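One file, run.cif, carrying mmCIF, C-alpha atoms:
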```cif
data_target
#
loop_
_atom_site.label_atom_id
_atom_site.label_comp_id
_atom_site.auth_asym_id
_atom_site.auth_seq_id
_atom_site.Cartn_x
_atom_site.Cartn_y
_atom_site.Cartn_z
CA MET H 1 110.69 147.94 66.95
CA ASN H 2 110.78 146.37 70.34
CA HIS H 3 107.53 144.47 70.06
CA ARG H 4 107.82 140.76 69.53
CA PRO H 5 106.78 139.96 66.01
CA ILE H 6 107.01 136.20 66.55
CA ASP H 7 105.55 134.35 69.48
CA ASP H 8 107.06 131.82 71.84
CA LEU H 9 105.49 128.93 70.00
CA ALA H 10 107.13 129.95 66.71
CA ARG H 11 110.52 130.52 68.30
CA ASN H 12 110.54 127.23 70.17
CA ALA H 13 109.11 125.28 67.27
CA PHE H 14 111.87 126.71 65.06
CA VAL H 15 114.53 125.67 67.55
CA ASP H 16 113.04 122.20 67.93
CA GLY H 17 112.60 121.74 64.18
CA GLU H 18 108.86 121.40 64.47
CA LEU H 19 108.01 123.80 61.65
CA ASP H 20 106.85 122.62 58.26
CA PRO H 21 108.96 123.70 55.27
CA GLU H 22 106.88 126.74 54.45
CA GLN H 23 106.90 128.03 58.02
CA GLN H 24 110.59 127.31 58.17
CA GLN H 25 111.22 129.51 55.14
CA GLN H 26 109.12 132.32 56.58
CA MET H 27 111.00 132.09 59.83
CA GLN H 28 114.40 132.13 58.17
CA ALA H 29 113.39 135.14 56.12
CA TYR H 30 112.35 136.88 59.29
CA LEU H 31 115.53 136.04 61.13
CA ARG H 32 117.68 137.34 58.28
CA THR H 33 116.30 140.76 59.00
CA HIS H 34 116.62 140.30 62.75
CA PRO H 35 120.16 139.12 63.47
CA GLU H 36 119.86 139.55 67.23
CA GLN H 37 116.97 137.16 67.40
CA ALA H 38 118.67 134.84 64.99
CA GLN H 39 121.68 134.81 67.24
CA GLU H 40 119.54 134.12 70.31
CA LEU H 41 117.71 131.23 68.66
CA ALA H 42 121.00 129.81 67.42
CA GLY H 43 122.16 129.92 71.02
CA TRP H 44 119.08 128.01 72.08
CA GLN H 45 119.81 125.39 69.48
CA ARG H 46 123.40 125.03 70.67
CA ASP H 47 122.20 124.60 74.24
CA ALA H 48 119.79 121.89 73.16
CA GLN H 49 122.52 120.06 71.29
CA ARG H 50 124.77 120.31 74.27
CA LEU H 51 122.05 118.82 76.44
CA ARG H 52 121.55 115.94 74.02
CA ALA H 53 125.28 115.33 74.01
CA SER H 54 125.33 115.20 77.80
CA ALA H 55 122.56 112.60 77.73
CA SER H 56 124.62 110.27 75.62
CA GLN H 57 127.57 110.65 77.96
CA ASP H 58 125.65 109.45 81.01
CA SER H 59 127.16 106.38 82.54
CA LEU H 60 124.38 104.26 83.89
CA PRO H 61 125.67 101.25 85.80
CA PRO H 62 123.34 98.28 85.37
CA ASN H 63 120.84 98.04 88.19
CA PRO H 64 119.14 94.63 88.32
CA ALA H 65 116.56 95.93 90.80
CA LEU H 66 115.12 98.09 88.03
CA ASP H 67 114.58 95.25 85.59
CA PRO H 68 110.83 94.98 84.90
CA THR H 69 110.82 91.27 85.74
CA ALA H 70 112.30 92.00 89.15
CA VAL H 71 109.89 94.86 89.75
CA ARG H 72 106.92 92.68 88.85
CA ALA H 73 108.13 89.90 91.16
CA ARG H 74 108.52 92.38 93.99
CA LEU H 75 105.03 93.73 93.45
CA ARG H 76 103.60 90.21 93.51
CA THR H 77 105.40 89.39 96.75
CA ARG H 78 104.19 92.60 98.28
CA SER H 79 100.58 92.01 97.35
CA ARG H 80 100.77 88.45 98.66
CA ARG H 81 102.18 89.76 101.90
CA ARG H 82 99.41 92.33 102.03
CA VAL H 83 96.77 89.62 101.60
CA ALA H 84 98.41 87.54 104.32
CA MET H 85 98.51 90.53 106.60
CA ALA H 86 94.87 91.33 105.92
CA ALA H 87 93.95 87.71 106.64
CA SER H 88 95.84 87.70 109.92
CA LEU H 89 94.21 90.99 110.80
CA VAL H 90 90.76 89.50 110.19
CA MET H 91 91.78 86.46 112.24
CA ALA H 92 93.00 88.65 115.09
CA LEU H 93 89.79 90.64 115.00
CA ALA H 94 87.72 87.46 115.09
CA ILE H 95 89.68 86.00 117.99
CA GLY H 96 89.57 89.30 119.81
CA GLY H 97 85.84 89.59 119.23
CA VAL H 98 85.05 86.11 120.48
CA THR H 99 87.36 86.46 123.48
CA GLY H 100 85.97 89.86 124.25
CA TRP H 101 82.42 88.60 124.06
CA SER H 102 83.03 85.67 126.34
CA ALA H 103 84.94 87.92 128.72
CA HIS H 104 81.92 90.15 128.68
CA ASP H 105 79.73 87.14 129.56
CA THR H 106 82.04 86.15 132.38
CA ALA H 107 82.04 89.68 133.69
CA LEU H 108 78.24 89.68 133.64
CA ALA H 109 78.13 86.43 135.56
CA ASN H 110 80.73 87.73 138.00
CA HIS H 111 78.63 90.75 138.58
CA VAL H 112 76.20 88.58 140.57
CA LEU H 113 77.34 88.73 144.17
CA PRO H 114 78.70 85.39 145.33
CA MET H 115 76.41 83.33 147.47
CA GLN H 116 73.68 85.92 147.63
CA ASP H 117 71.17 83.05 147.76
CA ALA H 118 72.89 81.65 150.88
CA MET H 119 72.33 85.02 152.55
CA GLN H 120 68.70 85.07 151.52
CA ALA H 121 68.24 81.49 152.68
CA TYR H 122 69.62 82.44 156.10
CA ARG H 123 67.20 85.35 156.36
CA LEU H 124 64.30 83.15 155.34
CA PHE H 125 65.01 79.96 157.24
CA ALA H 126 67.28 80.82 160.15
CA SER H 127 65.25 83.70 161.53
CA ALA H 128 63.15 83.31 164.65
CA ASP H 129 59.86 82.85 162.80
CA ALA H 130 61.25 80.47 160.19
CA PRO H 131 58.97 77.99 158.42
CA ARG H 132 59.11 74.40 159.53
CA PRO H 133 62.25 72.64 158.27
CA ASP H 134 62.19 69.43 156.24
CA VAL H 135 64.43 67.50 158.56
CA ARG H 136 65.01 67.93 162.24
CA ALA H 137 67.47 65.48 163.64
CA ASN H 138 70.96 64.87 164.89
CA ALA H 139 74.09 65.34 162.87
CA ASN H 140 74.41 61.83 161.50
CA ASP H 141 70.89 61.77 160.15
CA LEU H 142 71.41 65.13 158.52
CA GLN H 143 74.55 63.94 156.77
CA GLY H 144 72.72 60.92 155.38
CA TRP H 145 69.84 63.05 154.22
CA LEU H 146 72.24 65.48 152.55
CA ASP H 147 74.07 62.64 150.78
CA ASP H 148 70.83 61.64 149.10
CA TYR H 149 70.81 64.90 147.19
CA PHE H 150 74.51 65.84 146.97
CA SER H 151 76.26 62.55 146.45
CA HIS H 152 79.93 63.54 146.45
CA ALA H 153 79.75 66.82 148.33
CA GLU H 154 81.99 67.74 151.21
CA ARG H 155 80.98 66.65 154.66
CA LEU H 156 78.96 68.89 156.91
CA PRO H 157 81.34 71.20 158.75
CA ASP H 158 81.85 70.34 162.36
CA LEU H 159 81.23 73.52 164.30
CA SER H 160 81.05 71.89 167.70
CA ALA H 161 84.25 73.62 168.78
CA SER H 162 82.32 76.87 168.63
CA GLY H 163 79.33 75.31 170.29
CA PHE H 164 77.19 75.18 167.14
CA LYS H 165 75.23 72.01 166.44
CA PRO H 166 73.18 71.18 163.36
CA ILE H 167 69.54 71.08 164.24
CA ALA H 168 67.59 71.18 161.01
CA ALA H 169 67.86 71.18 157.24
CA ARG H 170 65.78 72.20 154.28
CA LEU H 171 65.92 71.44 150.56
CA LEU H 172 65.80 74.36 148.11
CA ALA H 173 65.75 74.77 144.38
CA THR H 174 68.05 76.92 142.19
CA ASP H 175 68.40 77.45 138.43
CA GLN H 176 71.15 74.86 138.39
CA GLY H 177 69.53 72.21 140.57
CA PRO H 178 68.89 71.40 144.21
CA ALA H 179 70.47 73.34 147.06
CA ALA H 180 70.19 72.84 150.77
CA ILE H 181 70.49 74.83 153.94
CA VAL H 182 71.54 73.26 157.22
CA ILE H 183 70.79 75.28 160.33
CA TYR H 184 73.17 75.20 163.32
CA GLU H 185 72.30 76.52 166.69
CA ASN H 186 74.27 77.56 169.76
CA ALA H 187 72.26 78.87 172.69
CA GLY H 188 69.77 80.73 170.54
CA GLN H 189 72.35 81.92 167.98
CA ARG H 190 72.15 80.51 164.53
CA ALA H 191 74.53 79.75 161.74
CA THR H 192 73.76 78.10 158.40
CA PHE H 193 75.65 75.89 156.02
CA TYR H 194 74.55 76.32 152.45
CA ILE H 195 75.37 74.02 149.58
CA ARG H 196 74.48 74.59 145.95
CA PRO H 197 75.63 73.65 142.47
CA PRO H 198 77.96 76.15 140.81
CA GLY H 199 76.23 79.18 139.34
CA PRO H 200 75.69 80.22 135.70
CA GLY H 201 78.66 79.38 133.49
CA ASN H 202 79.72 76.63 135.92
CA GLN H 203 81.40 79.11 138.17
CA PHE H 204 83.38 77.95 141.12
CA LEU H 205 84.20 80.43 143.82
CA PRO H 206 87.57 81.44 145.09
CA GLN H 207 87.69 81.17 148.84
CA GLY H 208 86.43 84.39 150.37
CA SER H 209 83.99 86.15 152.60
CA ARG H 210 81.43 88.84 152.22
CA ARG H 211 79.36 90.97 154.54
CA ASP H 212 75.81 91.89 153.71
CA GLY H 213 73.97 93.92 156.34
CA ASP H 214 74.34 92.09 159.63
CA LEU H 215 75.24 88.80 157.97
CA LEU H 216 78.69 87.42 157.25
CA ALA H 217 79.17 84.72 154.63
CA ARG H 218 82.32 82.70 154.12
CA TYR H 219 82.28 80.79 150.91
CA TRP H 220 84.38 78.29 149.00
CA SER H 221 84.08 75.55 146.40
CA GLY H 222 84.93 71.90 146.27
CA GLN H 223 83.77 68.51 145.01
CA GLY H 224 81.60 70.12 142.35
CA TYR H 225 79.62 72.39 144.66
CA ASN H 226 79.74 75.84 146.12
CA TYR H 227 79.43 76.23 149.88
CA ALA H 228 78.77 79.03 152.29
CA LEU H 229 78.75 79.43 156.02
CA VAL H 230 76.50 82.29 157.03
CA THR H 231 76.44 83.73 160.51
CA SER H 232 74.70 86.74 161.88
CA GLY H 233 77.31 89.42 162.41
CA ASP H 234 76.53 90.58 165.90
CA GLY H 235 77.03 87.53 168.03
CA ALA H 236 78.86 85.13 165.81
CA ALA H 237 81.52 87.56 164.72
CA SER H 238 83.04 87.27 168.17
CA GLN H 239 82.68 83.52 167.90
CA PRO H 240 85.42 82.40 165.56
CA LEU H 241 84.00 79.88 163.14
CA PRO H 242 86.40 77.41 161.62
CA LEU H 243 87.89 78.60 158.34
CA PRO H 244 86.64 76.78 155.27
CA SER H 245 90.14 75.43 154.73
CA ALA H 246 89.90 73.83 158.13
CA VAL H 247 86.45 72.55 157.25
CA ARG H 248 87.68 70.91 154.12
CA SER H 249 89.24 67.64 155.01
CA MET P 1 109.10 146.59 58.58
CA THR P 2 108.61 143.41 60.47
CA ARG P 3 106.19 141.03 59.03
CA PRO P 4 104.59 138.97 61.77
CA VAL P 5 105.00 135.28 61.19
CA ARG P 6 101.98 133.39 62.41
CA MET P 7 102.47 129.78 63.13
CA PRO P 8 99.84 127.12 63.45
CA ILE P 9 100.21 124.88 66.45
CA PRO P 10 102.44 122.03 65.43
CA GLY P 11 100.98 118.62 65.92
CA PRO P 12 102.40 116.31 68.51
CA VAL P 13 105.43 115.33 66.54
CA SER P 14 107.62 112.89 68.31
CA HIS P 15 111.30 112.83 67.55
CA ASP P 16 111.36 109.30 68.60
CA ASP P 17 109.11 106.64 67.14
CA SER P 18 110.37 103.84 69.30
CA ALA P 19 107.40 104.05 71.67
CA PRO P 20 104.16 103.45 69.84
CA PRO P 21 100.92 103.27 71.83
CA ALA P 22 100.99 99.88 73.47
CA ASP P 23 98.25 97.48 74.47
CA GLU P 24 100.45 95.90 77.03
CA LEU P 25 103.11 97.27 79.33
CA SER P 26 105.53 94.57 78.31
CA ASP P 27 108.88 93.94 79.92
CA ALA P 28 110.52 94.51 76.55
CA LEU P 29 108.96 97.97 76.23
CA LEU P 30 109.90 98.90 79.76
CA ARG P 31 113.46 97.68 79.28
CA GLN P 32 113.69 99.79 76.18
CA LEU P 33 112.50 102.90 78.02
CA LEU P 34 114.46 102.23 81.18
CA PRO P 35 117.64 104.18 80.22
CA ARG P 36 115.54 107.21 79.30
CA LEU P 37 113.72 107.08 82.62
CA ARG P 38 116.97 106.73 84.50
CA ARG P 39 118.56 109.66 82.70
CA PHE P 40 115.55 111.88 83.31
CA ALA P 41 115.50 110.87 86.98
CA LEU P 42 119.21 111.61 87.22
CA ARG P 43 118.65 115.11 85.83
CA LEU P 44 115.92 115.72 88.40
CA ALA P 45 117.43 114.11 91.47
CA ARG P 46 121.07 114.94 90.58
CA ASP P 47 122.15 111.85 92.51
CA PRO P 48 122.36 108.34 90.99
CA VAL P 49 121.03 106.48 94.02
CA SER P 50 117.94 108.60 94.59
CA ALA P 51 117.46 108.69 90.81
CA ASP P 52 117.23 104.90 90.67
CA ASP P 53 114.91 104.90 93.68
CA LEU P 54 112.74 107.29 91.75
CA VAL P 55 112.75 105.03 88.69
CA GLN P 56 111.91 102.02 90.80
CA SER P 57 108.90 103.64 92.43
CA THR P 58 107.86 104.91 88.99
CA LEU P 59 107.93 101.40 87.53
CA GLU P 60 106.02 100.00 90.48
CA ARG P 61 103.38 102.68 90.20
CA ALA P 62 103.14 102.27 86.43
CA LEU P 63 102.69 98.49 86.66
CA THR P 64 100.11 98.83 89.40
CA ARG P 65 98.16 101.49 87.56
CA TRP P 66 98.34 100.09 84.05
CA PRO P 67 95.25 97.84 84.20
CA GLY P 68 92.97 100.68 85.26
CA ARG P 69 94.56 103.86 83.98
CA ARG P 70 96.48 103.07 80.84
CA PRO P 71 97.40 106.20 78.92
CA GLN P 72 95.59 107.24 75.78
CA GLY P 73 98.70 108.16 73.82
CA ASP P 74 102.40 107.94 74.32
CA VAL P 75 103.45 105.43 76.98
CA ARG P 76 106.77 107.21 77.29
CA ALA P 77 105.12 110.55 78.14
CA TRP P 78 102.89 108.74 80.61
CA LEU P 79 105.91 107.20 82.35
CA PHE P 80 107.73 110.54 82.42
CA THR P 81 104.66 112.10 83.97
CA ILE P 82 104.54 109.47 86.72
CA LEU P 83 108.24 109.92 87.36
CA TYR P 84 107.99 113.69 87.57
CA ARG P 85 105.05 113.54 89.98
CA GLN P 86 106.88 111.00 92.11
CA PHE P 87 109.84 113.35 92.17
CA LEU P 88 107.68 116.27 93.29
CA ASP P 89 106.15 114.09 96.00
CA SER P 90 109.56 113.08 97.28
CA GLN P 91 110.66 116.72 97.28
CA ARG P 92 107.58 117.68 99.24
CA ARG P 93 108.19 114.87 101.72
CA ALA P 94 111.80 115.94 102.15
CA ARG P 95 110.77 119.53 102.76
CA ARG P 96 108.16 118.51 105.28
CA TYR P 97 110.71 116.35 107.03
CA ALA P 98 113.20 119.19 107.08
CA ARG P 99 110.58 121.50 108.54
CA LEU P 100 109.74 118.91 111.15
CA LEU P 101 113.40 118.52 112.07
CA ASP P 102 113.70 122.25 112.17
CA TRP P 103 110.77 122.51 114.49
CA PHE P 104 112.01 119.81 116.84
CA ALA P 105 115.68 120.61 116.84
CA GLY P 106 115.22 124.34 116.75
CA SER P 107 118.23 124.45 114.49
CA ASP P 108 118.54 125.14 110.83
CA ALA P 109 117.85 121.67 109.50
CA ALA P 110 117.35 123.09 106.05
CA ALA P 111 121.05 123.84 105.92
CA PRO P 112 122.07 120.65 104.08
CA SER P 113 119.81 121.43 101.18
CA ALA P 114 121.13 124.98 101.03
CA GLU P 115 124.60 123.52 100.95
CA ARG P 116 123.62 121.18 98.15
CA GLU P 117 122.20 124.12 96.31
CA ALA P 118 125.54 125.89 96.61
CA ILE P 119 127.36 122.85 95.29
CA ALA P 120 124.96 122.68 92.40
CA ARG P 121 125.54 126.33 91.68
CA SER P 122 129.24 125.87 91.40
CA SER P 123 128.78 122.81 89.23
CA LEU P 124 130.40 122.86 85.85
CA ASP P 125 127.21 121.79 84.21
CA THR P 126 125.14 124.91 83.83
CA PHE P 127 122.02 122.84 83.28
CA GLU P 128 122.22 121.57 86.85
CA ARG P 129 121.93 125.11 88.14
CA LEU P 130 118.47 125.61 86.69
CA PRO P 131 115.41 125.18 88.91
CA GLU P 132 113.95 121.68 88.75
CA ALA P 133 110.88 122.67 86.75
CA GLN P 134 113.07 124.23 84.05
CA ARG P 135 115.36 121.22 84.05
CA ALA P 136 112.43 118.89 83.55
CA LEU P 137 110.91 121.04 80.82
CA LEU P 138 114.11 121.47 78.83
CA TRP P 139 115.08 117.84 79.15
CA LEU P 140 111.73 116.52 77.98
CA VAL P 141 111.57 118.86 75.01
CA CYS P 142 115.20 118.99 73.89
CA VAL P 143 116.41 115.49 74.69
CA GLU P 144 113.32 113.32 74.81
CA GLY P 145 111.50 115.24 72.10
CA LEU P 146 108.15 115.07 73.84
CA SER P 147 105.43 117.01 72.07
CA TYR P 148 104.49 120.38 73.50
CA LYS P 149 101.04 118.98 74.16
CA ALA P 150 102.42 116.03 76.15
CA VAL P 151 104.60 118.40 78.18
CA ALA P 152 101.61 120.65 78.86
CA ASP P 153 99.72 117.61 80.13
CA LEU P 154 102.65 116.57 82.27
CA PHE P 155 102.89 119.96 83.97
CA ASP P 156 99.12 120.27 83.93
CA VAL P 157 99.22 123.77 82.39
CA PRO P 158 97.85 125.23 79.11
CA LEU P 159 99.94 124.98 75.97
CA GLY P 160 100.60 128.74 75.89
CA THR P 161 102.03 128.58 79.38
CA VAL P 162 104.37 125.79 78.34
CA MET P 163 105.61 127.84 75.41
CA SER P 164 106.39 130.93 77.48
CA ARG P 165 107.99 128.81 80.18
CA LEU P 166 110.08 127.07 77.56
CA SER P 167 111.31 130.43 76.25
CA ARG P 168 112.14 131.54 79.76
CA ALA P 169 113.98 128.30 80.51
CA ARG P 170 115.99 128.56 77.30
CA SER P 171 116.87 132.17 78.02
CA ALA P 172 117.94 131.20 81.51
CA LEU P 173 120.16 128.40 80.24
CA ARG P 174 121.56 130.73 77.57
CA HIS P 175 122.35 133.28 80.23
CA LEU P 176 124.20 130.71 82.32
CA ASN P 177 126.08 129.33 79.34
CA GLU P 178 127.19 132.82 78.30
CA GLY P 179 128.89 133.14 81.65
CA GLN P 180 130.91 130.03 80.87
CA PRO P 181 134.48 130.61 79.63
CA GLY P 182 133.96 128.53 76.52
CA GLU P 183 130.88 130.41 75.55
CA ALA P 184 132.08 133.89 76.43
CA ARG P 185 131.26 136.40 73.79
CA LEU P 186 130.60 140.08 73.61
CA ARG P 187 127.01 141.04 73.64
CA ILE P 188 126.47 144.77 73.71
CA LEU P 189 122.74 144.67 74.07
CA LYS P 190 119.88 142.43 73.42
#
```
This entry written out as structure tokens:
Amino acid sequence: MNHRPIDDLARNAFVDGELDPEQQQQMQAYLRTHPEQAQELAGWQRDAQRLRASASQDSLPPNPALDPTAVRARLRTRSRRRVAMAASLVMALAIGGVTGWSAHDTALANHVLPMQDAMQAYRLFASADAPRPDVRANANDLQGWLDDYFSHAERLPDLSASGFKPIAARLLATDQGPAAIVIYENAGQRATFYIRPPGPGNQFLPQGSRRDGDLLARYWSGQGYNYALVTSGDGAASQPLPLPSAVRS
Amino acid sequence: MTRPVRMPIPGPVSHDDSAPPADELSDALLRQLLPRLRRFALRLARDPVSADDLVQSTLERALTRWPGRRPQGDVRAWLFTILYRQFLDSQRRARRYARLLDWFAGSDAAAPSAEREAIARSSLDTFERLPEAQRALLWLVCVEGLSYKAVADLFDVPLGTVMSRLSRARSALRHLNEGQPGEARLRILK
């Protein structure tokens, strides 16, 4: 007697009034002979009614934020903001990319050691067995000759305080145009003044110095050119050369 | 002797014909359904403010999804489904957050929810004491009159499972209501 003669679907459908008239009659006939179940299902029906009654008693204060028009407007604003944000993101990426790329270029250019060509020119033209220079004259002639090629450049540095005197000069060629080396001499010791157009990317040099092997180069920029004073480290290091700032008038 | 009564599966009968299948999720339709959504949300969240938050996110999701994923049948059932899933998501988030707090603070951060549970248990409304899945099921069937099929879809379970769960939920509610003074009655045995 304990087995369930009716299934959950029938019981619930009866409670919810989902049965068609014939099924309803069958069910009622069944429940007449099973008062316990009839009582249980009646309880279910009362609970459902009670629930429905509680729904109608809900007090729902008006909430304008929930009105569909307001919700739609909010969604539109949000999507507009999202588009704007995406656009600014793309913009930021583009700016960052371009900046990064040019920074990369600058870094590449910076990677070239400053005034390396001045060092090489010293080794080539200021050594003992140097090739014959273009000009061999006194200081005034050299300045005039230099002005022919580097119209507004700084004047030749006056190293006479250290005993160095310009004795010769030679014209050179670089990627960016003409360069020149002027050779100074002091009792067999040599120093060179090197002038060249700024390097790739129109780079001017901060004032500085650099040692390469036995050579010391001081370099600086001004008047549209880069300059270097190169001395051989052994002898000239003890001979204080004038600082480029002192050279610049 | 007991004669088994076999019942065919009832068709998806809706108690409420106010929500026909719609071609457009119009403001008028939404406004009409809004009180039902708010009441359902209130039964789930048990707190008016979080209930309205739930309704708001439901409406936003429904409006966003409508162009691509409009429901085949009852718009109302579709909206209830979205709302219920949103509710489950928020519950899950809250639990995760509580666990996180627990983990960081080393204290029992889950305490507030236990406290809330206790308050709910002492509540006069016996319905509020039921687990959330039973609350949702009973509400949708008894009050909203959703078809058994629609409810099965909402919970993503077979129809038979819905029917047995519904019986269990009704028995549970009956049991709670019998404990109420107004409903007290002698029941020797079942």
Residues matched by the PyMOL selection byres ((chain H) within 9 of (chain P)), written as a ChimeraX atom specification: /H:1,4-13,16,18-20,23,26-27,30,33-34,36-37,40,43-44,47-49,51-53,55,58,60,63,65-69,71-72,74-75
Expressed in Å, the length from CA of Pro166 in chain H to CA of Tyr225 in chain H is 19.8 Å
Quick one: pull the distance between CA of Arg46 in chain P and CA of Ala136 in chain P, Å, one decimal.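 Computed distance, CA of Arg46 in chain P to CA of Ala136 in chain P, equals 11.8 Å.
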Closest to Phe193 in chain H among H:Ser160, H:Gly177, H:Tyr227, H:Gly213, using all atoms listed in the file? H:Tyr227
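Take the PyMOL selection byres ((chain H and resi 120) around 12) and apply it to this file: it picks Leu113, Pro114, Met115, Gln116, Asp117, Ala118, Met119, Ala121, Tyr122, Arg123, Leu124, Phe125, Ala126, Ser127, Leu172, Ile181, Thr192, Tyr194, Asp212, Gly213, Leu215, Leu216, Ala217, Ala228, Val230 and Thr231 of chain H.
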Reference answer for the PyMOL selection byres ((chain H and resi 219) around 8), as a PyMOL selection string: chain H and resi 115+205-209+217-218+220-221+226-229+244
Selected residues written out with C-alpha atoms, as a PDB file, in the coordinates of the input:
```pdb
ATOM      1  CA  MET H 115      76.410  83.330 147.470  1.00  0.00           C
ATOM      2  CA  LEU H 205      84.200  80.430 143.820  1.00  0.00           C
ATOM      3  CA  PRO H 206      87.570  81.440 145.090  1.00  0.00           C
ATOM      4  CA  GLN H 207      87.690  81.170 148.840  1.00  0.00           C
ATOM      5  CA  GLY H 208      86.430  84.390 150.370  1.00  0.00           C
ATOM      6  CA  SER H 209      83.990  86.150 152.600  1.00  0.00           C
ATOM      7  CA  ALA H 217      79.170  84.720 154.630  1.00  0.00           C
ATOM      8  CA  ARG H 218      82.320  82.700 154.120  1.00  0.00           C
ATOM      9  CA  TRP H 220      84.380  78.290 149.000  1.00  0.00           C
ATOM     10  CA  SER H 221      84.080  75.550 146.400  1.00  0.00           C
ATOM     11  CA  ASN H 226      79.740  75.840 146.120  1.00  0.00           C
ATOM     12  CA  TYR H 227      79.430  76.230 149.880  1.00  0.00           C
ATOM     13  CA  ALA H 228      78.770  79.030 152.290  1.00  0.00           C
ATOM     14  CA  LEU H 229      78.750  79.430 156.020  1.00  0.00           C
ATOM     15  CA  PRO H 244      86.640  76.780 155.270  1.00  0.00           C
TER      16      PRO H 244
END
```
Within 9 Å of Gly163 in chain H, counting all atoms listed in the file, which residues show up once you throw out same-chain ones fewer than 4 positions away? Write them as a list in words, please.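 Contacts, in chain order: Leu159, Glu185, Asn186 and Ala187 of chain H.
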One-decimal distance in Å that lies between CA of Glu24 in chain P and CA of Lys149 in chain P: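 Distance reported for this atom pair: 23.3 Å.
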Skipping near chain neighbours, those fewer than 4 positions away, what residues fall within 12 Å of Thr81 in chain P using all atoms listed in the file, listed as an MDAnalysis selection string? chainID P and resid 37 40:41 55 58:59 61:62 71 74:77 85:88 136:137 140 146 150:156
Using only C-alpha atoms, which residues sit within 12 Å of Ser90 in chain P once same-chain residues fewer than 5 positions away are excluded, as an NGL selection string? :P and (44-45 or 50-51 or 53-54 or 57-58 or 83-85 or 95-97)
Could you write out that same residue set with C-alpha atoms as a PDB file, in the frame of the given file?
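Resulting contents of result.pdb:
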```pdb
ATOM      1  CA  LEU P  44     115.920 115.720  88.400  1.00  0.00           C
ATOM      2  CA  ALA P  45     117.430 114.110  91.470  1.00  0.00           C
ATOM      3  CA  SER P  50     117.940 108.600  94.590  1.00  0.00           C
ATOM      4  CA  ALA P  51     117.460 108.690  90.810  1.00  0.00           C
ATOM      5  CA  ASP P  53     114.910 104.900  93.680  1.00  0.00           C
ATOM      6  CA  LEU P  54     112.740 107.290  91.750  1.00  0.00           C
ATOM      7  CA  SER P  57     108.900 103.640  92.430  1.00  0.00           C
ATOM      8  CA  THR P  58     107.860 104.910  88.990  1.00  0.00           C
ATOM      9  CA  LEU P  83     108.240 109.920  87.360  1.00  0.00           C
ATOM     10  CA  TYR P  84     107.990 113.690  87.570  1.00  0.00           C
ATOM     11  CA  ARG P  85     105.050 113.540  89.980  1.00  0.00           C
ATOM     12  CA  ARG P  95     110.770 119.530 102.760  1.00  0.00           C
ATOM     13  CA  ARG P  96     108.160 118.510 105.280  1.00  0.00           C
ATOM     14  CA  TYR P  97     110.710 116.350 107.030  1.00  0.00           C
TER      15      TYR P  97
END
```
